[in-house]
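final-v6.tsv, holding TSV, C-alpha atoms:
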chain	number	residue	atom	x	y	z
J	1	MET	CA	-14.72	57.51	2.94
J	2	SER	CA	-13.30	54.41	4.57
J	3	THR	CA	-9.71	53.78	5.50
J	4	ALA	CA	-8.25	50.30	5.10
J	5	PRO	CA	-6.77	49.01	8.36
J	6	THR	CA	-2.98	48.93	8.45
J	7	PRO	CA	-1.91	45.29	7.99
J	8	LEU	CA	-0.22	43.73	10.99
J	9	THR	CA	3.39	42.69	10.59
J	10	ILE	CA	4.01	39.03	11.27
J	11	ARG	CA	5.83	39.82	14.51
J	12	ASP	CA	3.04	42.09	15.75
J	13	ALA	CA	0.39	39.54	14.76
J	14	VAL	CA	2.15	36.78	16.69
J	15	GLU	CA	2.39	39.08	19.72
J	16	VAL	CA	-1.33	39.90	19.49
J	17	ALA	CA	-2.08	36.16	19.32
J	18	ARG	CA	0.16	35.51	22.31
J	19	GLN	CA	-1.68	38.15	24.36
J	20	ARG	CA	-5.07	36.83	23.28
J	21	VAL	CA	-4.20	33.24	24.24
J	22	GLY	CA	-2.79	34.42	27.56
J	23	ASP	CA	-2.69	31.66	30.14
J	24	ASP	CA	-5.21	29.40	28.39
J	25	PRO	CA	-3.43	27.37	25.66
J	26	ALA	CA	-6.80	26.01	24.46
J	27	ARG	CA	-7.59	29.45	23.09
J	28	ALA	CA	-4.89	28.92	20.47
J	29	VAL	CA	-6.78	26.00	18.89
J	30	VAL	CA	-8.71	26.94	15.74
J	31	HIS	CA	-11.18	24.92	13.74
J	32	LEU	CA	-10.60	24.27	10.02
J	33	ARG	CA	-13.07	22.89	7.52
J	34	THR	CA	-12.94	22.08	3.81
J	35	GLU	CA	-15.58	20.71	1.46
J	36	ALA	CA	-15.03	18.50	-1.57
J	37	ARG	CA	-17.73	17.81	-4.13
J	38	MET	CA	-17.37	15.38	-7.03
J	39	GLY	CA	-18.04	17.10	-10.36
J	40	ASP	CA	-17.99	15.69	-13.90
J	41	GLY	CA	-15.55	12.83	-14.51
J	42	THR	CA	-12.76	12.94	-11.97
J	43	ARG	CA	-13.06	16.69	-11.29
J	44	VAL	CA	-13.52	17.66	-7.62
J	45	ASP	CA	-14.60	21.17	-6.60
J	46	LEU	CA	-13.10	22.26	-3.30
J	47	ARG	CA	-13.89	25.02	-0.87
J	48	ALA	CA	-11.41	25.94	1.87
J	49	GLY	CA	-12.61	28.88	3.92
J	50	ALA	CA	-13.28	31.71	1.46
J	51	PHE	CA	-11.28	30.04	-1.33
J	52	GLU	CA	-12.26	27.72	-4.15
J	53	LEU	CA	-9.89	25.32	-5.85
J	54	GLY	CA	-10.00	22.06	-7.73
J	55	ALA	CA	-8.46	18.63	-7.93
J	56	ASP	CA	-8.55	16.21	-10.85
J	57	GLU	CA	-6.69	13.35	-12.51
J	58	PRO	CA	-4.86	13.53	-15.84
J	59	PRO	CA	-6.42	12.14	-19.05
J	60	SER	CA	-3.75	9.40	-19.10
J	61	VAL	CA	-5.60	7.66	-16.26
J	62	GLY	CA	-9.10	8.45	-17.52
J	63	GLY	CA	-9.32	11.83	-15.80
J	64	THR	CA	-10.58	15.21	-16.94
J	65	GLY	CA	-7.24	16.98	-16.39
J	66	THR	CA	-8.42	20.36	-15.07
J	67	ALA	CA	-6.36	20.62	-11.85
J	68	PRO	CA	-3.54	19.00	-9.86
J	69	ASN	CA	-4.26	15.59	-8.41
J	70	PRO	CA	-4.76	15.15	-4.66
J	71	VAL	CA	-1.28	13.77	-4.00
J	72	GLN	CA	0.21	16.77	-5.82
J	73	LEU	CA	-1.97	18.99	-3.60
J	74	ALA	CA	-0.57	17.23	-0.54
J	75	LEU	CA	3.01	17.81	-1.74
J	76	ALA	CA	2.14	21.45	-2.48
J	77	ALA	CA	0.76	21.73	1.06
J	78	LEU	CA	4.10	20.47	2.40
J	79	GLY	CA	6.21	22.81	0.25
J	80	SER	CA	4.12	25.88	1.04
J	81	CYS	CA	4.00	25.02	4.73
J	82	GLN	CA	7.78	24.79	4.89
J	83	ALA	CA	8.10	28.16	3.10
J	84	ILE	CA	5.58	29.93	5.35
J	85	THR	CA	7.06	28.42	8.49
J	86	TYR	CA	10.48	29.74	7.40
J	87	ARG	CA	8.92	33.19	6.98
J	88	TYR	CA	7.27	33.22	10.43
J	89	TRP	CA	10.23	31.85	12.33
J	90	ALA	CA	12.80	34.03	10.59
J	91	GLU	CA	10.72	36.99	11.85
J	92	GLN	CA	10.42	35.56	15.34
J	93	LEU	CA	14.16	34.80	15.55
J	94	GLY	CA	15.05	38.20	14.08
J	95	LEU	CA	16.85	36.75	11.05
J	96	ARG	CA	16.80	38.29	7.62
J	97	LEU	CA	15.66	35.88	4.93
J	98	ASP	CA	15.39	37.17	1.36
J	99	GLY	CA	14.15	34.10	-0.44
J	100	VAL	CA	12.86	30.59	0.15
J	101	THR	CA	12.23	27.94	-2.48
J	102	ILE	CA	11.28	24.37	-1.76
J	103	THR	CA	10.94	21.45	-4.12
J	104	VAL	CA	9.07	18.40	-2.90
J	105	GLU	CA	9.46	15.10	-4.74
J	106	ALA	CA	7.93	11.72	-4.09
J	107	ASP	CA	7.34	8.34	-5.63
J	108	PHE	CA	3.73	7.28	-5.98
J	109	ASP	CA	2.75	3.67	-6.55
J	110	THR	CA	-0.29	3.82	-8.83
J	111	GLY	CA	-0.45	0.04	-8.49
J	112	ALA	CA	-1.35	0.39	-4.81
J	113	PHE	CA	-4.08	2.87	-5.75
J	114	PHE	CA	-5.54	0.71	-8.52
J	115	GLY	CA	-5.07	-2.52	-6.57
J	116	PHE	CA	-2.66	-4.22	-8.99
J	117	PRO	CA	-1.08	-7.49	-7.84
J	118	GLY	CA	2.49	-7.21	-6.56
J	119	SER	CA	2.19	-3.52	-5.67
J	120	THR	CA	3.75	-2.15	-2.50
J	121	GLY	CA	0.25	-2.00	-0.98
J	122	ILE	CA	1.14	1.50	0.23
J	123	PRO	CA	-0.88	4.11	-1.66
J	124	SER	CA	0.62	7.15	0.07
J	125	PRO	CA	3.55	8.98	-1.52
J	126	GLN	CA	6.84	7.33	-0.58
J	127	ALA	CA	10.50	8.36	-0.58
J	128	VAL	CA	9.39	11.93	0.08
J	129	ARG	CA	12.27	14.38	-0.17
J	130	THR	CA	12.39	18.14	0.12
J	131	ALA	CA	15.11	20.44	-1.15
J	132	VAL	CA	15.14	23.81	0.61
J	133	THR	CA	17.03	26.81	-0.75
J	134	LEU	CA	17.43	29.80	1.55
J	135	GLU	CA	18.70	33.18	0.37
J	136	GLY	CA	19.90	35.81	2.80
J	137	PRO	CA	22.87	37.50	4.41
J	138	GLU	CA	22.96	35.67	7.76
J	139	PRO	CA	26.12	33.64	8.42
J	140	ASP	CA	24.17	30.73	9.86
J	141	TYR	CA	20.61	29.50	9.42
J	142	ASP	CA	21.05	26.27	11.44
J	143	LYS	CA	18.82	27.32	14.34
J	144	LEU	CA	16.14	28.50	11.92
J	145	ILE	CA	16.22	25.22	9.99
J	146	ALA	CA	15.87	23.13	13.17
J	147	THR	CA	13.09	25.36	14.53
J	148	VAL	CA	11.13	25.23	11.27
J	149	ASP	CA	11.28	21.44	11.15
J	150	GLU	CA	10.01	21.31	14.74
J	151	HIS	CA	7.05	23.65	14.11
J	152	CYS	CA	6.00	23.04	10.49
J	153	PRO	CA	2.40	21.74	10.57
J	154	VAL	CA	2.35	19.81	7.30
J	155	LEU	CA	5.81	18.31	7.82
J	156	ASP	CA	4.48	17.04	11.15
J	157	LEU	CA	1.39	15.72	9.37
J	158	PHE	CA	3.54	13.73	6.95
J	159	THR	CA	5.87	12.30	9.58
J	160	ARG	CA	3.29	11.55	12.29
J	161	ALA	CA	0.47	9.00	12.12
J	162	ILE	CA	-2.72	11.07	12.48
J	163	PRO	CA	-5.95	9.20	13.24
J	164	VAL	CA	-8.86	10.09	10.97
J	165	GLU	CA	-12.42	9.51	12.17
J	166	ARG	CA	-14.84	8.89	9.33
J	167	THR	CA	-18.61	8.85	9.08
J	168	VAL	CA	-20.58	7.87	5.97
J	169	THR	CA	-24.14	8.78	5.03
J	170	THR	CA	-25.89	7.32	2.02
J	171	ALA	CA	-28.59	9.44	0.43
R	1	MET	CA	-7.73	19.00	-39.70
R	2	SER	CA	-6.90	17.30	-36.43
R	3	THR	CA	-9.16	15.09	-34.43
R	4	ALA	CA	-9.06	15.17	-30.65
R	5	PRO	CA	-8.39	11.73	-29.20
R	6	THR	CA	-11.37	10.07	-27.61
R	7	PRO	CA	-10.90	10.32	-23.81
R	8	LEU	CA	-10.41	7.01	-22.08
R	9	THR	CA	-13.05	5.92	-19.62
R	10	ILE	CA	-11.75	5.27	-16.11
R	11	ARG	CA	-12.26	1.55	-16.49
R	12	ASP	CA	-10.43	1.43	-19.84
R	13	ALA	CA	-7.61	3.61	-18.48
R	14	VAL	CA	-7.09	1.31	-15.51
R	15	GLU	CA	-7.02	-1.70	-17.85
R	16	VAL	CA	-4.45	0.03	-20.09
R	17	ALA	CA	-2.34	0.76	-17.00
R	18	ARG	CA	-2.65	-2.85	-15.85
R	19	GLN	CA	-1.43	-4.11	-19.25
R	20	ARG	CA	1.44	-1.62	-19.30
R	21	VAL	CA	2.62	-2.62	-15.81
R	22	GLY	CA	2.34	-6.29	-16.70
R	23	ASP	CA	4.47	-8.48	-14.47
R	24	ASP	CA	6.75	-5.66	-13.24
R	25	PRO	CA	5.04	-3.80	-10.36
R	26	ALA	CA	7.85	-1.20	-10.35
R	27	ARG	CA	6.49	0.13	-13.64
R	28	ALA	CA	3.44	1.40	-11.72
R	29	VAL	CA	5.56	3.83	-9.67
R	30	VAL	CA	5.45	7.42	-10.92
R	31	HIS	CA	7.49	10.41	-9.86
R	32	LEU	CA	5.77	13.56	-8.60
R	33	ARG	CA	7.34	16.98	-8.06
R	34	THR	CA	6.04	20.32	-6.83
R	35	GLU	CA	7.80	23.64	-6.38
R	36	ALA	CA	7.04	26.31	-3.79
R	37	ARG	CA	8.50	29.81	-3.97
R	38	MET	CA	8.03	32.46	-1.28
R	39	GLY	CA	6.50	35.64	-2.70
R	40	ASP	CA	5.59	38.90	-0.98
R	41	GLY	CA	4.57	38.63	2.66
R	42	THR	CA	3.30	35.14	3.40
R	43	ARG	CA	2.25	34.40	-0.19
R	44	VAL	CA	3.69	31.21	-1.69
R	45	ASP	CA	3.51	30.50	-5.43
R	46	LEU	CA	3.19	26.81	-6.19
R	47	ARG	CA	3.67	24.74	-9.31
R	48	ALA	CA	2.39	21.18	-9.47
R	49	GLY	CA	2.96	19.59	-12.85
R	50	ALA	CA	1.32	21.92	-15.39
R	51	PHE	CA	-0.73	23.72	-12.73
R	52	GLU	CA	-0.12	26.84	-10.69
R	53	LEU	CA	-1.73	27.56	-7.35
R	54	GLY	CA	-1.04	29.52	-4.22
R	55	ALA	CA	-0.93	29.30	-0.45
R	56	ASP	CA	-1.02	32.14	2.05
R	57	GLU	CA	-2.01	33.06	5.60
R	58	PRO	CA	-4.93	35.30	6.58
R	59	PRO	CA	-4.41	38.96	7.58
R	60	SER	CA	-5.44	38.08	11.16
R	61	VAL	CA	-2.05	36.39	11.63
R	62	GLY	CA	-0.05	38.94	9.66
R	63	GLY	CA	-0.57	37.26	6.29
R	64	THR	CA	-1.47	38.58	2.86
R	65	GLY	CA	-4.68	36.55	2.55
R	66	THR	CA	-4.59	35.61	-1.14
R	67	ALA	CA	-5.06	31.83	-0.93
R	68	PRO	CA	-5.85	28.95	1.45
R	69	ASN	CA	-3.24	28.18	4.05
R	70	PRO	CA	-1.11	25.01	3.79
R	71	VAL	CA	-3.10	23.05	6.40
R	72	GLN	CA	-6.30	23.87	4.51
R	73	LEU	CA	-4.57	22.62	1.35
R	74	ALA	CA	-3.71	19.39	3.14
R	75	LEU	CA	-7.34	18.93	4.23
R	76	ALA	CA	-8.46	19.72	0.66
R	77	ALA	CA	-6.02	17.07	-0.57
R	78	LEU	CA	-7.66	14.55	1.77
R	79	GLY	CA	-11.23	15.44	0.77
R	80	SER	CA	-10.49	15.39	-2.96
R	81	CYS	CA	-8.53	12.15	-2.67
R	82	GLN	CA	-11.43	10.44	-0.94
R	83	ALA	CA	-13.83	11.70	-3.63
R	84	ILE	CA	-11.62	10.59	-6.54
R	85	THR	CA	-10.92	7.22	-4.94
R	86	TYR	CA	-14.69	6.69	-4.62
R	87	ARG	CA	-15.03	7.48	-8.34
R	88	TYR	CA	-12.31	5.05	-9.43
R	89	TRP	CA	-13.35	2.20	-7.21
R	90	ALA	CA	-17.07	2.53	-7.93
R	91	GLU	CA	-16.10	2.08	-11.60
R	92	GLN	CA	-13.83	-0.87	-10.85
R	93	LEU	CA	-16.47	-2.57	-8.67
R	94	GLY	CA	-19.22	-1.88	-11.21
R	95	LEU	CA	-21.30	0.21	-8.79
R	96	ARG	CA	-23.32	3.24	-9.80
R	97	LEU	CA	-22.46	6.32	-7.74
R	98	ASP	CA	-24.28	9.56	-8.60
R	99	GLY	CA	-22.70	11.93	-6.11
R	100	VAL	CA	-19.93	12.18	-3.53
R	101	THR	CA	-19.38	15.01	-1.09
R	102	ILE	CA	-16.80	15.00	1.68
R	103	THR	CA	-16.27	17.50	4.46
R	104	VAL	CA	-12.98	17.39	6.31
R	105	GLU	CA	-12.67	19.10	9.67
R	106	ALA	CA	-9.75	19.40	12.03
R	107	ASP	CA	-8.46	21.28	15.04
R	108	PHE	CA	-5.24	23.19	14.56
R	109	ASP	CA	-3.17	24.37	17.49
R	110	THR	CA	-1.70	27.71	16.40
R	111	GLY	CA	0.16	27.73	19.73
R	112	ALA	CA	2.23	24.75	18.59
R	113	PHE	CA	3.03	26.57	15.34
R	114	PHE	CA	3.97	29.85	17.04
R	115	GLY	CA	5.76	28.10	19.92
R	116	PHE	CA	3.53	29.40	22.73
R	117	PRO	CA	4.10	27.92	26.19
R	118	GLY	CA	1.61	25.24	27.24
R	119	SER	CA	0.68	24.32	23.67
R	120	THR	CA	0.13	20.70	22.69
R	121	GLY	CA	3.51	20.77	20.95
R	122	ILE	CA	1.82	19.07	18.00
R	123	PRO	CA	1.60	21.45	15.02
R	124	SER	CA	-0.18	19.04	12.70
R	125	PRO	CA	-3.98	19.11	12.41
R	126	GLN	CA	-5.56	17.01	15.14
R	127	ALA	CA	-8.97	15.38	15.70
R	128	VAL	CA	-9.31	15.00	11.93
R	129	ARG	CA	-12.77	13.84	10.94
R	130	THR	CA	-14.33	13.27	7.54
R	131	ALA	CA	-18.02	13.12	6.72
R	132	VAL	CA	-18.74	11.29	3.48
R	133	THR	CA	-22.09	11.52	1.70
R	134	LEU	CA	-22.73	9.04	-1.12
R	135	GLU	CA	-25.66	9.34	-3.52
R	136	GLY	CA	-26.75	6.47	-5.70
R	137	PRO	CA	-29.20	3.63	-6.22
R	138	GLU	CA	-27.15	0.69	-4.96
R	139	PRO	CA	-28.59	-1.11	-1.91
R	140	ASP	CA	-25.20	-1.36	-0.23
R	141	TYR	CA	-21.96	0.61	-0.50
R	142	ASP	CA	-20.14	-1.18	2.34
R	143	LYS	CA	-17.60	-2.94	0.14
R	144	LEU	CA	-16.90	0.31	-1.73
R	145	ILE	CA	-16.36	2.24	1.50
R	146	ALA	CA	-13.92	-0.34	2.87
R	147	THR	CA	-12.05	-0.55	-0.45
R	148	VAL	CA	-11.74	3.24	-0.74
R	149	ASP	CA	-10.32	3.54	2.76
R	150	GLU	CA	-7.77	0.84	1.93
R	151	HIS	CA	-6.60	2.47	-1.32
R	152	CYS	CA	-6.97	6.25	-0.74
R	153	PRO	CA	-3.48	7.77	-1.06
R	154	VAL	CA	-3.97	10.89	1.05
R	155	LEU	CA	-5.92	9.06	3.76
R	156	ASP	CA	-2.95	6.70	3.97
R	157	LEU	CA	-0.61	9.71	4.11
R	158	PHE	CA	-2.51	11.13	7.09
R	159	THR	CA	-2.73	7.88	9.02
R	160	ARG	CA	0.78	6.56	8.29
R	161	ALA	CA	4.08	8.07	9.50
R	162	ILE	CA	5.93	8.94	6.27
R	163	PRO	CA	9.64	9.75	6.55
R	164	VAL	CA	10.70	12.97	4.82
R	165	GLU	CA	14.31	13.40	3.74
R	166	ARG	CA	15.38	17.01	3.68
R	167	THR	CA	18.35	18.86	2.20
R	168	VAL	CA	19.08	22.56	2.65
R	169	THR	CA	21.20	24.84	0.48
R	170	THR	CA	22.00	28.40	1.45
R	171	ALA	CA	22.64	30.82	-1.39
The structure given in the file should be rewritten as structure tokens.
Amino acid sequence: MSTAPTPLTIRDAVEVARQRVGDDPARAVVHLRTEARMGDGTRVDLRAGAFELGADEPPSVGGTGTAPNPVQLALAALGSCQAITYRYWAEQLGLRLDGVTITVEADFDTGAFFGFPGSTGIPSPQAVRTAVTLEGPEPDYDKLIATVDEHCPVLDLFTRAIPVERTVTTA
Amino acid sequence: MSTAPTPLTIRDAVEVARQRVGDDPARAVVHLRTEARMGDGTRVDLRAGAFELGADEPPSVGGTGTAPNPVQLALAALGSCQAITYRYWAEQLGLRLDGVTITVEADFDTGAFFGFPGSTGIPSPQAVRTAVTLEGPEPDYDKLIATVDEHCPVLDLFTRAIPVERTVTTA
């Protein structure tokens, strides 16, 4: 008979990580890897760690419509990252937080993607805006809000220019 | 008896979009919206258009481990966006492309997320590198590769600093 390990609380897990990293900050750096494989039509099968998911385009633009499109995935990454960062930092700051919802909206210039004349020439989502709703009994969440925006990985990814190194192999 | 509409090919769909936009490039701009709602533990339930998906953190950092984490979602967005942009632009350039696979790798400094002393202070994924494998009979994919990198929305999102406007409501 096996016994499932007791899950770590967030605060305990962060403390374990802090001890493990100790005086060598490089030990806190982890390696992430995802794979994307083109399927039928515009379907893409994705693997991220142990998880499988998909991306696709809607039939209105000739797609096969089985999954969110990649820009929607990027906005979902931002919304979920904000929510999770609120969870971790509320724990670390000792604040009670009963609910977090985030909407992320953006304008997307399909003309820049398709290469239409007169487009903005900027294919990334623009005018990105988030609306955060926090539920809880604390009189003031200002410090939490500022701390989350400082530490949120995907918010930093959006607002910072990140170099991408690319190699191509033809088979 | 109903008849399903014949799906548009990518090339026809792009031509329909081009006609619809006509001489007003603003008509090519679409609005995207996703919602993220904190669930139990670190689970986040996401809605992107008609699709539902999740994000989470692994048990090793106190998470509930039901889905990829937000940074993995962001890397998956990049890989799938590259793949789909290859599909669209191969069609537009009249090139045959039989297969596309993309791996996306990055380093992620958990110390910057948790706020450990001596961290890089940069919570976004760093040293992002993509490896693209193209399969097909064409003698040369150079023009396709350059065109994809110019038009890929999520690659542009990574490499460009995108302002994010944020509002917070406490309930």
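Coordinates place atom CA of Leu95 of chain J at a distance of 16.6 Å from atom CA of Val168 of chain R.
Interatomic distance, atom CA of Thr101 of chain R to atom CA of Val154 of chain R: 16.1 Å.
Computed from the coordinates, the atom CA of Asp40 of chain R to atom CA of Val128 of chain J distance equals 27.3 Å.
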For segment 24-30 of chain R, list every protein, DNA or RNA residue within 6 Å, evaluated using only C-alpha atoms, and leave out those in the same chain fewer than 6 positions away; present the list as a PyMOL selection string.
-> chain J and resi 107-111+118-119
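Taking all atoms listed in the file into account, Leu155 of chain R lies nearest to J:Phe113 out of the set J:Ile102, J:Ala127, J:Gly94, J:Phe113.
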Using only C-alpha atoms, the best pick from R:Thr133, R:Asn69, R:Gln126, R:Thr169 as closest to Asp98 of chain R would be R:Thr133
Missing atoms in segment 151-166 of chain R: can you complete it with N, CA, C and O atoms, as a PDB file, in the coordinates of the input?
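Below is the file out-v1.pdb, written as the result:
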ATOM      1  N   HIS R 151      -7.397   2.072  -0.146  1.00  0.00           N
ATOM      2  CA  HIS R 151      -6.600   2.470  -1.320  1.00  0.00           C
ATOM      3  C   HIS R 151      -6.411   3.986  -1.447  1.00  0.00           C
ATOM      4  O   HIS R 151      -5.726   4.425  -2.380  1.00  0.00           O
ATOM      5  N   CYS R 152      -7.016   4.784  -0.582  1.00  0.00           N
ATOM      6  CA  CYS R 152      -6.970   6.250  -0.740  1.00  0.00           C
ATOM      7  C   CYS R 152      -5.583   6.787  -0.365  1.00  0.00           C
ATOM      8  O   CYS R 152      -5.161   6.719   0.793  1.00  0.00           O
ATOM      9  N   PRO R 153      -4.854   7.352  -1.335  1.00  0.00           N
ATOM     10  CA  PRO R 153      -3.480   7.770  -1.060  1.00  0.00           C
ATOM     11  C   PRO R 153      -3.345   8.811   0.056  1.00  0.00           C
ATOM     12  O   PRO R 153      -2.461   8.680   0.909  1.00  0.00           O
ATOM     13  N   VAL R 154      -4.181   9.834   0.059  1.00  0.00           N
ATOM     14  CA  VAL R 154      -3.970  10.890   1.050  1.00  0.00           C
ATOM     15  C   VAL R 154      -4.508  10.470   2.425  1.00  0.00           C
ATOM     16  O   VAL R 154      -3.959  10.874   3.453  1.00  0.00           O
ATOM     17  N   LEU R 155      -5.524   9.617   2.465  1.00  0.00           N
ATOM     18  CA  LEU R 155      -5.920   9.060   3.760  1.00  0.00           C
ATOM     19  C   LEU R 155      -4.773   8.253   4.352  1.00  0.00           C
ATOM     20  O   LEU R 155      -4.465   8.348   5.554  1.00  0.00           O
ATOM     21  N   ASP R 156      -4.106   7.482   3.498  1.00  0.00           N
ATOM     22  CA  ASP R 156      -2.950   6.700   3.970  1.00  0.00           C
ATOM     23  C   ASP R 156      -1.818   7.625   4.430  1.00  0.00           C
ATOM     24  O   ASP R 156      -1.163   7.348   5.449  1.00  0.00           O
ATOM     25  N   LEU R 157      -1.628   8.722   3.713  1.00  0.00           N
ATOM     26  CA  LEU R 157      -0.610   9.710   4.110  1.00  0.00           C
ATOM     27  C   LEU R 157      -0.899  10.288   5.495  1.00  0.00           C
ATOM     28  O   LEU R 157       0.007  10.463   6.319  1.00  0.00           O
ATOM     29  N   PHE R 158      -2.172  10.597   5.764  1.00  0.00           N
ATOM     30  CA  PHE R 158      -2.510  11.130   7.090  1.00  0.00           C
ATOM     31  C   PHE R 158      -2.250  10.081   8.173  1.00  0.00           C
ATOM     32  O   PHE R 158      -1.678  10.391   9.217  1.00  0.00           O
ATOM     33  N   THR R 159      -2.689   8.855   7.939  1.00  0.00           N
ATOM     34  CA  THR R 159      -2.730   7.880   9.020  1.00  0.00           C
ATOM     35  C   THR R 159      -1.426   7.093   9.184  1.00  0.00           C
ATOM     36  O   THR R 159      -1.272   6.353  10.154  1.00  0.00           O
ATOM     37  N   ARG R 160      -0.507   7.255   8.238  1.00  0.00           N
ATOM     38  CA  ARG R 160       0.780   6.560   8.290  1.00  0.00           C
ATOM     39  C   ARG R 160       1.880   7.584   8.575  1.00  0.00           C
ATOM     40  O   ARG R 160       1.795   8.717   8.114  1.00  0.00           O
ATOM     41  N   ALA R 161       2.904   7.207   9.299  1.00  0.00           N
ATOM     42  CA  ALA R 161       4.080   8.070   9.500  1.00  0.00           C
ATOM     43  C   ALA R 161       4.988   7.912   8.292  1.00  0.00           C
ATOM     44  O   ALA R 161       5.499   6.809   8.042  1.00  0.00           O
ATOM     45  N   ILE R 162       5.153   8.983   7.517  1.00  0.00           N
ATOM     46  CA  ILE R 162       5.930   8.940   6.270  1.00  0.00           C
ATOM     47  C   ILE R 162       7.240   9.691   6.512  1.00  0.00           C
ATOM     48  O   ILE R 162       7.226  10.892   6.779  1.00  0.00           O
ATOM     49  N   PRO R 163       8.381   9.026   6.386  1.00  0.00           N
ATOM     50  CA  PRO R 163       9.640   9.750   6.550  1.00  0.00           C
ATOM     51  C   PRO R 163       9.826  10.786   5.435  1.00  0.00           C
ATOM     52  O   PRO R 163       9.433  10.552   4.294  1.00  0.00           O
ATOM     53  N   VAL R 164      10.386  11.913   5.792  1.00  0.00           N
ATOM     54  CA  VAL R 164      10.700  12.970   4.820  1.00  0.00           C
ATOM     55  C   VAL R 164      12.196  13.270   4.918  1.00  0.00           C
ATOM     56  O   VAL R 164      12.704  13.602   5.997  1.00  0.00           O
ATOM     57  N   GLU R 165      12.878  13.124   3.795  1.00  0.00           N
ATOM     58  CA  GLU R 165      14.310  13.400   3.740  1.00  0.00           C
ATOM     59  C   GLU R 165      14.492  14.829   3.253  1.00  0.00           C
ATOM     60  O   GLU R 165      13.916  15.218   2.244  1.00  0.00           O
ATOM     61  N   ARG R 166      15.291  15.597   3.976  1.00  0.00           N
ATOM     62  CA  ARG R 166      15.380  17.010   3.680  1.00  0.00           C
ATOM     63  C   ARG R 166      16.824  17.448   3.451  1.00  0.00           C
ATOM     64  O   ARG R 166      17.703  17.064   4.207  1.00  0.00           O
TER      65      ARG R 166
END
